[in-house]
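Asker: Structure in structure tokens, see below.
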Amino acid sequence: MSQQRVVGTVLDGATPLHFPFRVNREAEVPLHEYVSVNVKGRLILAEVISVGARNPLFRESYADGRMSGYEGYGYEVAVAEVLGYLESGRIMRPKIAPKPGSQVFLADEDELRRFYASGGGIPITVGSLLHRRNVPVSIDLNGMQFHLGIFAQTRGGKSYLAGVIMEEILKNTRFPVVVIDMHGDYVMMDRSAEENIRHGMFNVVVYYPPRAPRISGVTAESRTLKISPREMSNEALMELLGGLGPLQSIYVRRILKDLKSSGRPFSLADVIDRVEEKIRDEGTTNRERERLMSILARLEDLWEEVELPAEGTPISELLSEKTLSVICLRGLPARLQDVYTGLVIEQIFRNNVRHAGDYRRAPPVFIFIEEAHRVASQAASRYAAKTISTVIREGAKFRVFLALISQRPRSIDPDVLANIGNYAVLRITNAQDQNIIESASESFSHRLVEDLPALNQGEAVLVGPFVPLPAIIRVKSRETVHGGASEDLAEVNRRMTEERDEEW
């Protein structure tokens with residue numbers, strides 16, 4: 001204790017949860033710094049949640065500068081929130097308040113490392129404590145069974161943080177990672193950020209749906225994403241068709257049953273052919289023919305939007321060990337993005353349900369969903385939203401873990417948010433988004449919510465079972481190329497000017 005630096009003295013009004021202290025004149029104690037105090041022989045760790053300046057001699061009338069000499073009587077008072085003490089590796093909450101007059105110490109970095117060390121499992125480092133760059137903060141992948149929400153306002157750094165987490169999972173485990181990429185933010189993750197060459201730390205495969213535009217400059221392996229109706233559930237196809245009546249649904253289900261029972265691959269075109277055959281059948285009544293014509297119209301509309309070939313991409317490809325599968329949906333209409341998001345997630349979930357217990361065929365898989373507010377919205381009729389709602393409730397039982405990335409958590413279905421246990425939140429100024437996060441999470445206190453507008457670029461609040469304690473961190477640097485950064489228009493202008501000069 002004698003080696004620790006004294007930074008203040010406990011004042012009157014301390015409780016087992018909080019204590020005010022006067023900051024020593026020579027000390028600097030910023031917001032979110034960590035301090036400790038001795039209570040009954042135990043070293044209690046606390047986080048500074050408020051700092052204010054006081055001067056008993058200063059009066060408002062002195063602000064014109066005509067009075068001087070009072071500056072030396074100023075001091076700071078801080079309030080610290082008690083985090084607890086370590087006992088047999090567990091963080092315990094004290095039941096006794098610090099005594100007024102007790103010395104307050106700057107928390108020792110070794111002690112902080114012990115508090116923020118992951119309690120077993122698979123720790124992956126995502127950053128460091130805000131004011132302690134030598135104290136790494138790790139998240140425990142075991143805690144990801146409660147899923148994850150990564151939220152920030154536009155250009156707040158959410159995609160960057162998501163990339164850090166993906167990198168760490170892929171570097172430190174053999175688990176596959178799948179990302180639903182709406183803007184092409186992750187297609188360059190096969191390249192080193194420092195040298196801009198292929199790194200070889202893990203595999204990256206970029207999947208494009210048929211008719212989707214390809215992104216130039218991508219050096220990762222590219223494949224076409226194919227989903228066969230044979231591998232889809234009947235419910236999934238019915239959702240995609242939408243609005244079928246009970247009798248129409250029976251017709252479609254019979255056709256699907258016949259095609260699946262044949263044991264041969266079949267496409268959406270084969271389903272259309274069967275409906276046309278039934279329409280031409282002389283035994284079909286006029287009433288039945290009307291229903292079938294309506295079904296045919298919906299099938300043809302779906303065919304124009306989504307290509308469902310006879311042979312689909314084997315789901316085992318997306319679940320390859322130590323592989324990042326990027327489902328690139330950039331440039332597709334919103335409905336197609338919704339459809340492919342739902343199809344991919346459903347296929348992975350059904351695979352892991354079918355092969356539960358088989359770690360080779362159904363490994364733990366982490367699915368990151370960009371623009372989650374668009375595909376997990378409160379519009380419950382949308383296909384992807386229903387799929388995500390199911391998987392976020394049941395997926396952890398079958399080792400399917402979701403991470404929702406969004407700048408508008410207020411637009412995400414409340415039932416989906418209610419099943420998210422872990423939060424990584426960067427700067428958010430919108431009051432509606434702040435309120436939604438606070439109401440959805442049992443761990444996200446009002447005090448932490450109030451801190452969100454003051455976060456700087458690259459700072460995040462981590463809350464939930466995947467961290468031992470809530471933490472405000474500085475996100476570590478990416479090791480792979482980040483595709484979500486805003487373009488520097490000055491640099492673009494410079495390149496355009498150089499190219500024009502070369503032409504001349």
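By convention in this document, the chains of the structure tokens carry letters A, B, ... by their order, each chain's residues are numbered from 1, and ligands are numbered from 1 in the order they are shown.
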Which residues, written as a VMD selection string, have at least one atom at most 10 Å from Ser36 in chain A, with only C-alpha atoms counted and residues fewer than 5 positions away on the same chain left out?

Answerer: chain A and resid 4 6 to 7 42 to 47 80 82 to 85 103 to 108 111

Asker: I'd like the neighbourhood of Tyr75 in chain A as a PyMOL selection string, where a residue qualifies if any of its atoms comes within 8 Å (using only C-alpha atoms), though same-chain residues fewer than 6 positions away should be ignored.

Answerer: chain A and resi 22-25+53-55

Asker: Find the residues near range 175-185 of chain A: any atom within 8 Å, counting only C-alpha atoms, skip ones fewer than 2 places away on the same chain, and give them as a ChimeraX atom specification.

Answerer: /A:159,166,169-170,173,187-188,215,318-331,337,341,363-371,482-484

Asker: Selection from above, C-alpha atoms, as a compact mmCIF listing (two decimals), in the first residue's frame, can you write it?

Answerer:
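Final output, saved to part-v5.txt:
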```txt
# COMPACT_ATOMS: atom_id res chain seq x y z
CA SER A 159 -17.64 -1.62 -38.23
CA MET A 166 -13.68 -10.94 -36.02
CA ILE A 169 -11.86 -14.83 -33.07
CA LEU A 170 -10.24 -16.04 -36.29
CA THR A 173 -9.70 -20.12 -32.47
CA VAL A 187 -14.17 -7.70 -48.28
CA MET A 188 -10.52 -6.62 -47.87
CA ILE A 215 -16.33 -5.07 -56.03
CA LEU A 318 -19.55 -21.27 -44.82
CA LEU A 319 -18.57 -23.29 -41.75
CA SER A 320 -14.97 -24.00 -42.76
CA GLU A 321 -12.48 -23.77 -39.91
CA LYS A 322 -10.64 -20.50 -39.39
CA THR A 323 -12.48 -18.89 -42.30
CA LEU A 324 -14.22 -15.55 -42.66
CA SER A 325 -17.14 -15.88 -45.09
CA VAL A 326 -18.21 -12.44 -46.29
CA ILE A 327 -21.74 -12.41 -47.73
CA CYS A 328 -21.44 -9.27 -49.85
CA LEU A 329 -24.88 -7.77 -50.55
CA ARG A 330 -23.68 -4.34 -51.66
CA GLY A 331 -25.66 -2.85 -54.51
CA GLN A 337 -30.65 -7.96 -48.93
CA THR A 341 -29.78 -12.37 -44.95
CA PRO A 363 -19.10 -26.01 -35.19
CA PRO A 364 -19.66 -22.90 -33.08
CA VAL A 365 -20.20 -20.08 -35.56
CA PHE A 366 -20.29 -16.32 -35.08
CA ILE A 367 -22.57 -14.40 -37.45
CA PHE A 368 -22.13 -10.62 -37.69
CA ILE A 369 -25.03 -8.70 -39.26
CA GLU A 370 -24.35 -5.20 -40.60
CA GLU A 371 -27.22 -2.70 -40.85
CA HIS A 482 -10.76 -1.66 -42.91
CA GLY A 483 -13.16 -1.02 -45.76
CA GLY A 484 -15.66 1.08 -43.85
```

Asker: At a cut-off of 9 Å, using only C-alpha atoms, what residues contact range 127-132 of chain A? Leave out same-chain residues fewer than 2 positions from it and give the result as a list in words.

Answerer: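 Contacts, in chain order: Pro30, His32, Glu33, Tyr34, Glu109, Thr125, Asn134, Val135, Pro136, Val137, Ser138, Glu459, Ala460, Ala471, Ile472, Ile473, Arg474, Val475, Lys476 and Ser477 of chain A.
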
Asker: Range 220-378 of chain A: which residues are strand (DSSP E) by DSSP, as a list in words?

Answerer: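 So, restricting range 220-378 of chain A to strand (DSSP E), we get Glu221, Ser222, Arg223, Thr224, Thr323, Leu324, Ser325, Val326, Ile327, Cys328, Val365, Phe366, Ile367, Phe368 and Ile369 of chain A.
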
Asker: Counting only C-alpha atoms, which of A:Tyr383, A:Tyr423, A:Phe398, A:Phe202 gets nearest to Asp358 in chain A?

Answerer: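 Closest residue, counting only C-alpha atoms: A:Phe398.
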
Asker: Can you list, as a list in words, every protein, DNA or RNA residue that comes within 8 Å of Val275 in chain A when you count only C-alpha atoms, leaving out same-chain residues fewer than 4 positions away?

Answerer: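 Final neighbour list, sorted by chain and number: Ile255, Val271, Ile279, Leu292, Ile295 and Leu296 of chain A.
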
Asker: Near range 427-429 of chain A, within 7 Å and counting only C-alpha atoms, which residues show up once chain neighbours fewer than 2 positions away are dropped, as a list of chain:residue names?

Answerer: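 The residues satisfying every condition are A:Ala152, A:Gln153, A:Gly156, A:Val425, A:Ala431, A:Gln434, A:Leu452, A:Pro453, A:Leu455, A:Asn456.
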
Asker: Grab the residues selected above and save them as a short mmCIF file (atom, residue, chain, number, x, y, z; two decimals), in the first residue's frame with all heavy atoms.

Answerer:
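And here is the file that came out, result.cif:
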```cif
data_model
loop_
_atom_site.label_atom_id
_atom_site.label_comp_id
_atom_site.auth_asym_id
_atom_site.auth_seq_id
_atom_site.Cartn_x
_atom_site.Cartn_y
_atom_site.Cartn_z
N ALA A 152 -23.49 2.31 -32.60
CA ALA A 152 -22.85 3.63 -32.64
C ALA A 152 -23.57 4.47 -33.68
O ALA A 152 -24.23 3.93 -34.59
CB ALA A 152 -21.37 3.52 -32.98
N GLN A 153 -23.44 5.77 -33.57
CA GLN A 153 -23.99 6.62 -34.60
C GLN A 153 -23.18 6.47 -35.88
O GLN A 153 -22.10 5.87 -35.87
CB GLN A 153 -24.02 8.07 -34.14
CG GLN A 153 -22.65 8.68 -33.88
CD GLN A 153 -22.77 10.07 -33.26
OE1 GLN A 153 -23.65 10.31 -32.44
NE2 GLN A 153 -21.89 10.97 -33.65
N GLY A 156 -19.32 6.13 -36.38
CA GLY A 156 -18.88 6.10 -34.99
C GLY A 156 -17.83 5.04 -34.70
O GLY A 156 -17.31 4.98 -33.59
N VAL A 425 -20.86 -0.42 -27.20
CA VAL A 425 -21.50 0.80 -27.68
C VAL A 425 -20.48 1.91 -27.76
O VAL A 425 -19.78 2.22 -26.78
CB VAL A 425 -22.68 1.21 -26.76
CG1 VAL A 425 -23.41 2.41 -27.35
CG2 VAL A 425 -23.64 0.04 -26.57
N ALA A 431 -31.16 10.55 -28.33
CA ALA A 431 -31.77 10.20 -27.05
C ALA A 431 -32.63 8.95 -27.15
O ALA A 431 -32.69 8.14 -26.22
CB ALA A 431 -32.60 11.36 -26.52
N GLN A 434 -30.36 5.96 -27.04
CA GLN A 434 -29.85 5.80 -25.68
C GLN A 434 -30.91 5.14 -24.79
O GLN A 434 -30.60 4.21 -24.02
CB GLN A 434 -29.45 7.15 -25.10
CG GLN A 434 -28.28 7.82 -25.79
CD GLN A 434 -28.07 9.24 -25.30
OE1 GLN A 434 -28.66 9.66 -24.32
NE2 GLN A 434 -27.23 9.98 -26.00
N LEU A 452 -22.34 8.13 -23.11
CA LEU A 452 -22.21 7.81 -24.53
C LEU A 452 -21.95 9.03 -25.42
O LEU A 452 -21.11 8.96 -26.32
CB LEU A 452 -23.45 7.06 -25.02
CG LEU A 452 -23.69 5.68 -24.39
CD1 LEU A 452 -24.97 5.06 -24.95
CD2 LEU A 452 -22.50 4.76 -24.65
N PRO A 453 -22.63 10.18 -25.21
CA PRO A 453 -22.36 11.32 -26.10
C PRO A 453 -20.95 11.88 -25.96
O PRO A 453 -20.46 12.55 -26.88
CB PRO A 453 -23.41 12.37 -25.67
CG PRO A 453 -24.47 11.59 -24.97
CD PRO A 453 -23.75 10.46 -24.30
N LEU A 455 -18.15 10.13 -25.63
CA LEU A 455 -17.10 9.24 -26.12
C LEU A 455 -16.45 9.82 -27.38
O LEU A 455 -17.12 10.40 -28.22
CB LEU A 455 -17.67 7.86 -26.43
CG LEU A 455 -18.21 7.04 -25.25
CD1 LEU A 455 -18.81 5.73 -25.75
CD2 LEU A 455 -17.12 6.76 -24.23
N ASN A 456 -15.16 9.65 -27.48
CA ASN A 456 -14.42 10.07 -28.67
C ASN A 456 -14.34 8.92 -29.67
O ASN A 456 -14.65 7.77 -29.35
CB ASN A 456 -13.02 10.53 -28.28
CG ASN A 456 -13.05 11.76 -27.39
OD1 ASN A 456 -13.73 12.73 -27.70
ND2 ASN A 456 -12.32 11.72 -26.29
#
```

Asker: With a distance cut-off of 10 Å and only C-alpha atoms, select the neighbouring residues of His446 in chain A, excluding the residue or stretch itself and same-chain residues fewer than 3 positions from it, and output the selection as a list in words.

Answerer: Gln434, Asn435, Ile437, Glu438, Ser439, Ser443, Val449, Glu450 and Asp451 of chain A

Asker: Of the candidates A:Ile91, A:Leu161, A:Val400, A:Ile49, which one gets nearest to Leu448 in chain A if we count only C-alpha atoms?

Answerer: A:Ile49

Asker: As an exercise, work out the distance from CA of Pro210 in chain A to CA of Ser262 in chain A in Å and give it to one decimal place.

Answerer: 26.3 Å

Asker: Could you tell me which of A:Asn422, A:Asn172, A:Ser102, A:Thr313 comes closest to Arg223 in chain A if we count only C-alpha atoms?

Answerer: A:Thr313
